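**Q** Quick one: structure below, then a few questions.
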Amino acid sequence: MPWDQILTTTFLIAILTAGIRLAVPVLLAVLGEIITQLSGVMNLGLEGIMLVGGLAGFATTYALQQTTGLTELSIWLGLLAGLLAGMLMGLVMAILSITCRTDQVIAGITLVLLGQSLTTYFYREYPALGKARVTGLAPLPIPGLSQIPVVGDVLFNHSLVVYLSALLVMLCWFLLYRTRWGLQIRATGEHPAVVDTSGLSVITIRYLCTLAGSALAGFGGAVLTVVQLNLFIEGVTAGRGWIAIALVFFSRWQPGLALFGALLFGIADAIQFRIQALGSETLPYEFLLMLPYLLTLLVLVSRRIRDQTPTALGIPYIQGKR
Amino acid sequence: MIAGLISLNQLFRMTTPFTFRRLLPTLWGLSLSIPLLVLGACGQSTTSTDAEPTEAASPTEAEGSADVPRMALVLSGSSTDQSWDQAAFEAGQKLEEQGVEVAVSEAVDPANVAAVLRQYAEEGYDLVVAHSFSYQDAVFEVAEEFPEVNFAWAGGIGETAENVADYDQPFYQGAYLIGLVAAELSETGKLGALYGYDIPVCHAMGEAMLAGAQQVRPGATLTSAAVGDWYDVAKAKEAALSQAETGVDFWIGCGQGPTLGQIEAAKESSGYATGYVGDMSSLGPEVVASNLIWNMEPLFQQMLDDTAANTFADQFYNLAIPEGVIQVEVPTDFQDEVGEEVLKSVEETKEQIAAGELEVPFVPN
């Protein structure tokens, strides 16, 4: 093990920045799913939503960049398109699970299949998509802060979406745990009948939360394709939607812990690539690949997770039914 | 219950994009195959023939021309992937121009491939090429049922039968030539290889590139990484970027995700990338300094010849540089940068390999 090459600041900076890059798309989906689940809807369709968001965002950005030449604006409009496409997928989920009261696990998996086949269809029907590349977002070092040694490189030398994601973590936490809205959302997931009797519409709240959650997942998919990869291929999300669902449970519905969890996965990946690059004989990289999943498992078996699960999670609300 | 699940699964598969184009036949197939599947799941072994060959022959043609060789090609992905599947598809097109009748099925899942193979066999194709490693089980199963039809699969492991040939993917021979280009272009002499998984075909590519580079630059080194996924571009790009931090500035990739990942990483770190099993210059005109091309036409032609001559049994095809199956091409934009001398040495080395004077080392693990 070349410890002298690992215990250096450049190595540390590289790991952390790469970890943050890998974490962002997943983190956005996790935040969305936290909102959705706290309102009592289990949306397992994240993988499909991220794919559709990724394709919509990429295609929009590409089309706009080709026609208008406005690089930056096209990117933001593309990300918006990804967000809206995610919302549209969320609408399917909401109608299925809230209005039609279908089994949410089935509805979620259907959504994944729908997203996969839709994107595969477009990808294969339009071969130009596979060859298209967009211009990504340049990093935006924050003046002053990015000059701080180590910390500046790790935290303040990213593209704008990374800062935006960090802000969203705080915003989500504040909205969910410090405002009346958040209380209403959490009450809907905990005890919808109480929300109903207090004169609020469970259906409306769940619809809004499912749409908001899916919008964030779609946005995450678009960030992956537009900002990070600048390309779209079939199955580009490669299981990130599923990891996001595991992370919701890992985070116990706390946005702060979600950030921690997403970073854990990202950094574990970043480290294992570098261990492979340096050629380690003593520590197999497969062990590091396994580590985050192992931690998630440990969290899932702990008893606290059961106490914190929204009581009405996954249960359709039927007015007047006890 | 099981019957229900299977037909639901089948239903989903049938509505996936490729058959989507031909919605009507699909609906027909659907209405036929669901009862069949229900029957099958009840314990009888019925065969479902739900696949739609894209260019199935019309009956008159099939009966009328006995001497026209008929070849069917089954792809696991899309014929426009600029790589593995497109290479096979284009070879099929070239054969078609020469009068061979070629039928193609795209995007066939390993779970469904047996039905597709069976249908081609029933339609009397002389040669059915199953162009994926993961078709192994189905190929050998169906081949046993149709001893008069010849099958070929992309195993690369020498697994054959009386009417099943295996064909190797000796990309490592091309990688050796790319090593010569790498030795010239790389500033650091540190080369990178990205594999989906560390399998022999991939591993040998990386090692052969290093061997080639070391011919002209003895100090060259290789850093390789297994991404752990064939399609995850984001991870592959990160893996390449982490190699870039250690000084790597010339990459070869093995698999779709790793290949696209190294191209994107090369753009970001001002390095050089390699096109894998196809011309990928358009994906990164400023970084793709060479392309490893798999020209499958002579390979398929050989198979058809062997089929006609009845010498197909237990063949393990290993066509590479000598037969013109593996080629290396330096894009015109890079020819100045690579330089005439290196281009000449690539050409000479190629001839040495073709003449058997030079053997490229095969290091599978």
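Letters A, B, ... go to the chains of the structure tokens in the order shown; residues in each chain start at 1; ligands are counted from 1 in the same order.
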Mind the document's chain letters and residue numbers, and return as JSON, numbers by chain the residues of range 139-271 of chain B that DSSP labels strand (DSSP E or B).
**A** {"B": [150, 151, 152, 153, 161, 164, 165, 166, 167, 190, 191, 192, 193, 194, 195, 221, 222, 223, 224, 225, 226, 250, 251, 252, 253, 254]}
**Q** I need the chain A residues near chain B as a VMD selection string; criterion: at most 6 Å, counting only C-alpha atoms.
**A** chain A and resid 117 121 238 273 to 274 276 to 277
**Q** Using N, CA and C atoms, can you export the residues from the last selection as a compact mmCIF listing (two decimals), in the first residue's frame?
**A**
# COMPACT_ATOMS: atom_id res chain seq x y z
N SER A 117 -37.88 1.99 -20.53
CA SER A 117 -38.25 1.67 -21.91
C SER A 117 -38.47 2.95 -22.72
N TYR A 121 -36.28 3.67 -25.91
CA TYR A 121 -36.98 3.85 -27.18
C TYR A 121 -36.42 5.07 -27.93
N ALA A 238 -27.46 4.02 -14.25
CA ALA A 238 -26.77 2.84 -13.73
C ALA A 238 -27.05 2.56 -12.25
N PHE A 273 -11.29 4.01 -6.76
CA PHE A 273 -10.67 4.25 -8.07
C PHE A 273 -9.20 4.63 -7.90
N ARG A 274 -8.95 5.45 -6.87
CA ARG A 274 -7.57 5.89 -6.68
C ARG A 274 -6.69 4.77 -6.14
N GLN A 276 -7.10 1.72 -6.98
CA GLN A 276 -6.79 0.95 -8.19
C GLN A 276 -5.72 1.65 -9.01
N ALA A 277 -5.83 2.98 -9.08
CA ALA A 277 -4.87 3.74 -9.89
C ALA A 277 -3.46 3.63 -9.31
**Q** From the options B:Pro200, B:Pro110, B:Pro258, B:Pro322, which residue's atoms come nearest to Ala355 in chain B, counting only C-alpha atoms?
**A**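 Looking at the shortest contact to Ala355 in chain B, the residue is B:Pro322.
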**Q** Pick out the closest residue to Arg70 in chain B from this set: B:Ile263, B:Leu299, B:Val113, B:Asn150. Count only C-alpha atoms.
**A**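 Nearest candidate to Arg70 in chain B out of B:Ile263, B:Leu299, B:Val113, B:Asn150: B:Asn150.
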**Q** Would you compute the distance between CA of Val26 in chain A and CA of Leu113 in chain A? Give it in Å to one decimal.
**A**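 For CA of Val26 in chain A relative to CA of Leu113 in chain A, the distance reads 19.0 Å.
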**Q** List the spatial neighbours of Val112 in chain A as a PyMOL selection string - criterion: any atom at most 9 Å away, only C-alpha atoms, same-chain residues fewer than 3 positions off excluded.
**A** chain A and resi 44-49+51+107-109+115-117
**Q** Taking C-alpha atoms for each residue, export the selection above as a PDB file, in the first residue's frame.
**A**
ATOM      1  CA  LEU A  44     -39.729   3.478  -5.846  1.00  0.00           C
ATOM      2  CA  GLY A  45     -39.655   4.855  -9.374  1.00  0.00           C
ATOM      3  CA  LEU A  46     -36.597   7.082  -8.894  1.00  0.00           C
ATOM      4  CA  GLU A  47     -34.419   5.158 -11.333  1.00  0.00           C
ATOM      5  CA  GLY A  48     -36.985   5.628 -14.096  1.00  0.00           C
ATOM      6  CA  ILE A  49     -37.600   9.254 -13.188  1.00  0.00           C
ATOM      7  CA  LEU A  51     -33.528   8.458 -16.640  1.00  0.00           C
ATOM      8  CA  ALA A 107     -46.603   1.423  -9.155  1.00  0.00           C
ATOM      9  CA  GLY A 108     -43.016   2.398  -8.409  1.00  0.00           C
ATOM     10  CA  ILE A 109     -41.515  -0.535 -10.261  1.00  0.00           C
ATOM     11  CA  GLY A 115     -38.686   5.259 -17.629  1.00  0.00           C
ATOM     12  CA  GLN A 116     -36.233   2.649 -18.870  1.00  0.00           C
ATOM     13  CA  SER A 117     -38.248   1.673 -21.909  1.00  0.00           C
TER      14      SER A 117
END
**Q** Rank nothing, just name the residue among A:Leu111, A:Met87, A:Ile185, A:Ile20 nearest to Val202 in chain A, using only C-alpha atoms.
**A**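 Result for the nearest residue to Val202 in chain A: A:Ile185.
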**Q** Neighbouring residues of Gln327 in chain B were defined as those with any atom within 7 Å, considering only C-alpha atoms; residues of the same chain fewer than 3 positions away were excluded. Please report them as a PyMOL selection string.
**A** chain B and resi 174+292-294+321+324
**Q** Which value, in Å to one decimal, gives the distance between CA of Pro69 in chain B and CA of Gly99 in chain B?
**A**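 Rounded to one decimal, the two atoms are 8.1 Å apart.
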**Q** For CA of Val74 in chain B and CA of Lys94 in chain B, determine how far apart the two atoms are, in Å to one decimal place.
**A**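 Taking CA of Val74 in chain B and CA of Lys94 in chain B, their separation equals 16.2 Å.
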**Q** Which residue is closest to Leu145 in chain A? Choose from A:Pro316, A:Pro310, A:Asn157, A:Ser39 and count only C-alpha atoms.
**A**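 So, comparing all the options, the nearest one is A:Asn157.
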**Q** Just the residues within 12 Å of Val161 in chain A, please, counting only C-alpha atoms, with nothing from its chain fewer than 6 positions along; format it as a list in words.
**A**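 Residues meeting the cut-off are Ile20, Arg21, Ala23, Val24, Pro25, Leu27, Leu28, Ile75, Trp76, Leu79, Gly136, Leu137, Ala138, Pro139, Leu140, Leu167, Leu168, Phe219, Gly220, Ala222, Val223, Leu224, Val226, Val227 and Gln228 of chain A.
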**Q** Name the residues of range 50-114 of chain A that come out as alpha helix (DSSP H) in a backbone DSSP run; write them as a VMD selection string.
**A** chain A and resid 50 to 67 71 to 94 104 to 114
**Q** What does the file look like for those residues with N, CA and C atoms, as a short mmCIF file (atom, residue, chain, number, x, y, z; two decimals), in the first residue's frame?
**A**
data_model
loop_
_atom_site.label_atom_id
_atom_site.label_comp_id
_atom_site.auth_asym_id
_atom_site.auth_seq_id
_atom_site.Cartn_x
_atom_site.Cartn_y
_atom_site.Cartn_z
N MET A 50 -35.19 9.45 -12.93
CA MET A 50 -33.89 10.05 -13.22
C MET A 50 -33.51 9.86 -14.68
N LEU A 51 -33.83 8.70 -15.23
CA LEU A 51 -33.53 8.46 -16.64
C LEU A 51 -34.29 9.42 -17.54
N VAL A 52 -35.59 9.55 -17.27
CA VAL A 52 -36.41 10.43 -18.10
C VAL A 52 -35.94 11.88 -17.94
N GLY A 53 -35.67 12.28 -16.70
CA GLY A 53 -35.16 13.63 -16.46
C GLY A 53 -33.83 13.84 -17.17
N GLY A 54 -32.99 12.81 -17.12
CA GLY A 54 -31.68 12.89 -17.75
C GLY A 54 -31.80 13.06 -19.26
N LEU A 55 -32.71 12.31 -19.86
CA LEU A 55 -32.89 12.40 -21.31
C LEU A 55 -33.52 13.73 -21.70
N ALA A 56 -34.59 14.11 -20.99
CA ALA A 56 -35.27 15.36 -21.33
C ALA A 56 -34.31 16.54 -21.18
N GLY A 57 -33.56 16.54 -20.08
CA GLY A 57 -32.62 17.62 -19.84
C GLY A 57 -31.54 17.66 -20.91
N PHE A 58 -31.03 16.49 -21.25
CA PHE A 58 -29.95 16.44 -22.23
C PHE A 58 -30.45 16.87 -23.61
N ALA A 59 -31.59 16.31 -24.02
CA ALA A 59 -32.11 16.60 -25.35
C ALA A 59 -32.42 18.10 -25.48
N THR A 60 -33.03 18.67 -24.43
CA THR A 60 -33.36 20.10 -24.47
C THR A 60 -32.10 20.94 -24.57
N THR A 61 -31.13 20.63 -23.72
CA THR A 61 -29.89 21.40 -23.74
C THR A 61 -29.22 21.31 -25.10
N TYR A 62 -29.18 20.09 -25.64
CA TYR A 62 -28.52 19.90 -26.92
C TYR A 62 -29.23 20.70 -28.01
N ALA A 63 -30.56 20.58 -28.05
CA ALA A 63 -31.33 21.27 -29.08
C ALA A 63 -31.12 22.78 -28.98
N LEU A 64 -31.18 23.30 -27.75
CA LEU A 64 -31.04 24.75 -27.58
C LEU A 64 -29.62 25.22 -27.90
N GLN A 65 -28.63 24.43 -27.47
CA GLN A 65 -27.25 24.85 -27.75
C GLN A 65 -26.97 24.83 -29.25
N GLN A 66 -27.57 23.88 -29.95
CA GLN A 66 -27.35 23.82 -31.39
C GLN A 66 -28.03 24.98 -32.11
N THR A 67 -29.23 25.35 -31.64
CA THR A 67 -29.99 26.35 -32.37
C THR A 67 -29.67 27.77 -31.94
N THR A 71 -24.87 28.94 -24.53
CA THR A 71 -24.47 27.75 -23.80
C THR A 71 -25.09 27.66 -22.42
N GLU A 72 -24.84 28.69 -21.62
CA GLU A 72 -25.27 28.65 -20.21
C GLU A 72 -26.78 28.59 -20.09
N LEU A 73 -27.45 29.48 -20.81
CA LEU A 73 -28.91 29.55 -20.71
C LEU A 73 -29.53 28.21 -21.12
N SER A 74 -28.97 27.62 -22.18
CA SER A 74 -29.47 26.32 -22.63
C SER A 74 -29.36 25.28 -21.54
N ILE A 75 -28.24 25.31 -20.82
CA ILE A 75 -28.04 24.34 -19.75
C ILE A 75 -29.13 24.49 -18.69
N TRP A 76 -29.37 25.73 -18.28
CA TRP A 76 -30.36 25.93 -17.21
C TRP A 76 -31.76 25.58 -17.69
N LEU A 77 -32.06 25.91 -18.95
CA LEU A 77 -33.37 25.52 -19.47
C LEU A 77 -33.45 23.99 -19.59
N GLY A 78 -32.34 23.37 -19.94
CA GLY A 78 -32.30 21.91 -20.02
C GLY A 78 -32.55 21.29 -18.66
N LEU A 79 -31.89 21.84 -17.64
CA LEU A 79 -32.09 21.31 -16.28
C LEU A 79 -33.55 21.49 -15.87
N LEU A 80 -34.12 22.62 -16.27
CA LEU A 80 -35.53 22.87 -15.97
C LEU A 80 -36.41 21.82 -16.67
N ALA A 81 -36.05 21.51 -17.91
CA ALA A 81 -36.81 20.49 -18.65
C ALA A 81 -36.71 19.14 -17.94
N GLY A 82 -35.52 18.82 -17.44
CA GLY A 82 -35.34 17.58 -16.70
C GLY A 82 -36.23 17.55 -15.48
N LEU A 83 -36.27 18.68 -14.81
CA LEU A 83 -37.10 18.81 -13.61
C LEU A 83 -38.58 18.61 -13.95
N LEU A 84 -39.02 19.26 -15.03
CA LEU A 84 -40.43 19.14 -15.41
C LEU A 84 -40.75 17.71 -15.87
N ALA A 85 -39.82 17.11 -16.59
CA ALA A 85 -40.05 15.73 -17.04
C ALA A 85 -40.18 14.80 -15.83
N GLY A 86 -39.33 15.04 -14.83
CA GLY A 86 -39.42 14.26 -13.60
C GLY A 86 -40.78 14.44 -12.96
N MET A 87 -41.25 15.69 -12.98
CA MET A 87 -42.54 15.99 -12.38
C MET A 87 -43.66 15.25 -13.10
N LEU A 88 -43.53 15.17 -14.42
CA LEU A 88 -44.53 14.47 -15.22
C LEU A 88 -44.57 12.99 -14.85
N MET A 89 -43.39 12.42 -14.67
CA MET A 89 -43.31 11.03 -14.23
C MET A 89 -43.94 10.90 -12.84
N GLY A 90 -43.68 11.90 -12.00
CA GLY A 90 -44.25 11.91 -10.66
C GLY A 90 -45.77 11.96 -10.70
N LEU A 91 -46.27 12.65 -11.71
CA LEU A 91 -47.73 12.75 -11.85
C LEU A 91 -48.32 11.36 -12.11
N VAL A 92 -47.64 10.58 -12.94
CA VAL A 92 -48.09 9.21 -13.19
C VAL A 92 -48.13 8.44 -11.87
N MET A 93 -47.03 8.58 -11.11
CA MET A 93 -46.95 7.90 -9.82
C MET A 93 -48.07 8.35 -8.90
N ALA A 94 -48.31 9.67 -8.87
CA ALA A 94 -49.32 10.21 -7.96
C ALA A 94 -50.71 9.71 -8.33
N GLN A 104 -48.17 0.68 -3.95
CA GLN A 104 -47.13 1.64 -4.30
C GLN A 104 -45.85 0.97 -4.76
N VAL A 105 -45.58 -0.22 -4.28
CA VAL A 105 -44.38 -0.93 -4.74
C VAL A 105 -44.52 -1.27 -6.22
N ILE A 106 -45.71 -1.79 -6.58
CA ILE A 106 -45.95 -2.14 -7.98
C ILE A 106 -45.90 -0.88 -8.84
N ALA A 107 -46.57 0.18 -8.37
CA ALA A 107 -46.60 1.42 -9.15
C ALA A 107 -45.19 1.96 -9.37
N GLY A 108 -44.38 1.89 -8.32
CA GLY A 108 -43.02 2.40 -8.41
C GLY A 108 -42.18 1.61 -9.40
N ILE A 109 -42.31 0.30 -9.35
CA ILE A 109 -41.52 -0.53 -10.26
C ILE A 109 -41.99 -0.33 -11.69
N THR A 110 -43.30 -0.17 -11.85
CA THR A 110 -43.83 0.13 -13.18
C THR A 110 -43.20 1.41 -13.72
N LEU A 111 -43.05 2.38 -12.84
CA LEU A 111 -42.48 3.66 -13.24
C LEU A 111 -41.02 3.49 -13.69
N VAL A 112 -40.30 2.63 -12.99
CA VAL A 112 -38.91 2.37 -13.39
C VAL A 112 -38.88 1.76 -14.79
N LEU A 113 -39.75 0.75 -14.98
CA LEU A 113 -39.79 0.09 -16.29
C LEU A 113 -40.21 1.08 -17.38
N LEU A 114 -41.18 1.92 -17.04
CA LEU A 114 -41.64 2.93 -18.00
C LEU A 114 -40.50 3.86 -18.38
#
**Q** Restricting the calculation to only C-alpha atoms, which member of B:Val330, B:Val104, B:Cys202, B:Met296 is positioned closest to Asp279 in chain B?
**A**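 Going through B:Val330, B:Val104, B:Cys202, B:Met296 one by one, the smallest distance to Asp279 in chain B is for B:Val330.
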**Q** Just the residues within 7 Å of Gln272 in chain A, please, counting only C-alpha atoms, with nothing from its chain fewer than 5 positions along; format it as a list in words.
**A**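 Skipping anything fewer than 5 positions along the chain leaves Tyr285, Leu288 and Leu289 of chain A.
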**Q** For the selection you just gave me, I'd like the residues written to a file as a PDB file, in the first residue's frame, keeping N, CA and C atoms.
**A**
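In the end it all went to selection11.pdb:
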ATOM      1  N   TYR A 285      -9.901  -3.333  -3.806  1.00  0.00           N
ATOM      2  CA  TYR A 285     -10.833  -2.222  -4.013  1.00  0.00           C
ATOM      3  C   TYR A 285     -12.274  -2.674  -3.876  1.00  0.00           C
ATOM      4  N   LEU A 288     -13.900  -1.723  -0.660  1.00  0.00           N
ATOM      5  CA  LEU A 288     -14.412  -0.361  -0.553  1.00  0.00           C
ATOM      6  C   LEU A 288     -15.720  -0.188  -1.307  1.00  0.00           C
ATOM      7  N   LEU A 289     -15.868  -0.934  -2.413  1.00  0.00           N
ATOM      8  CA  LEU A 289     -17.116  -0.875  -3.163  1.00  0.00           C
ATOM      9  C   LEU A 289     -18.268  -1.390  -2.322  1.00  0.00           C
TER      10      LEU A 289
END
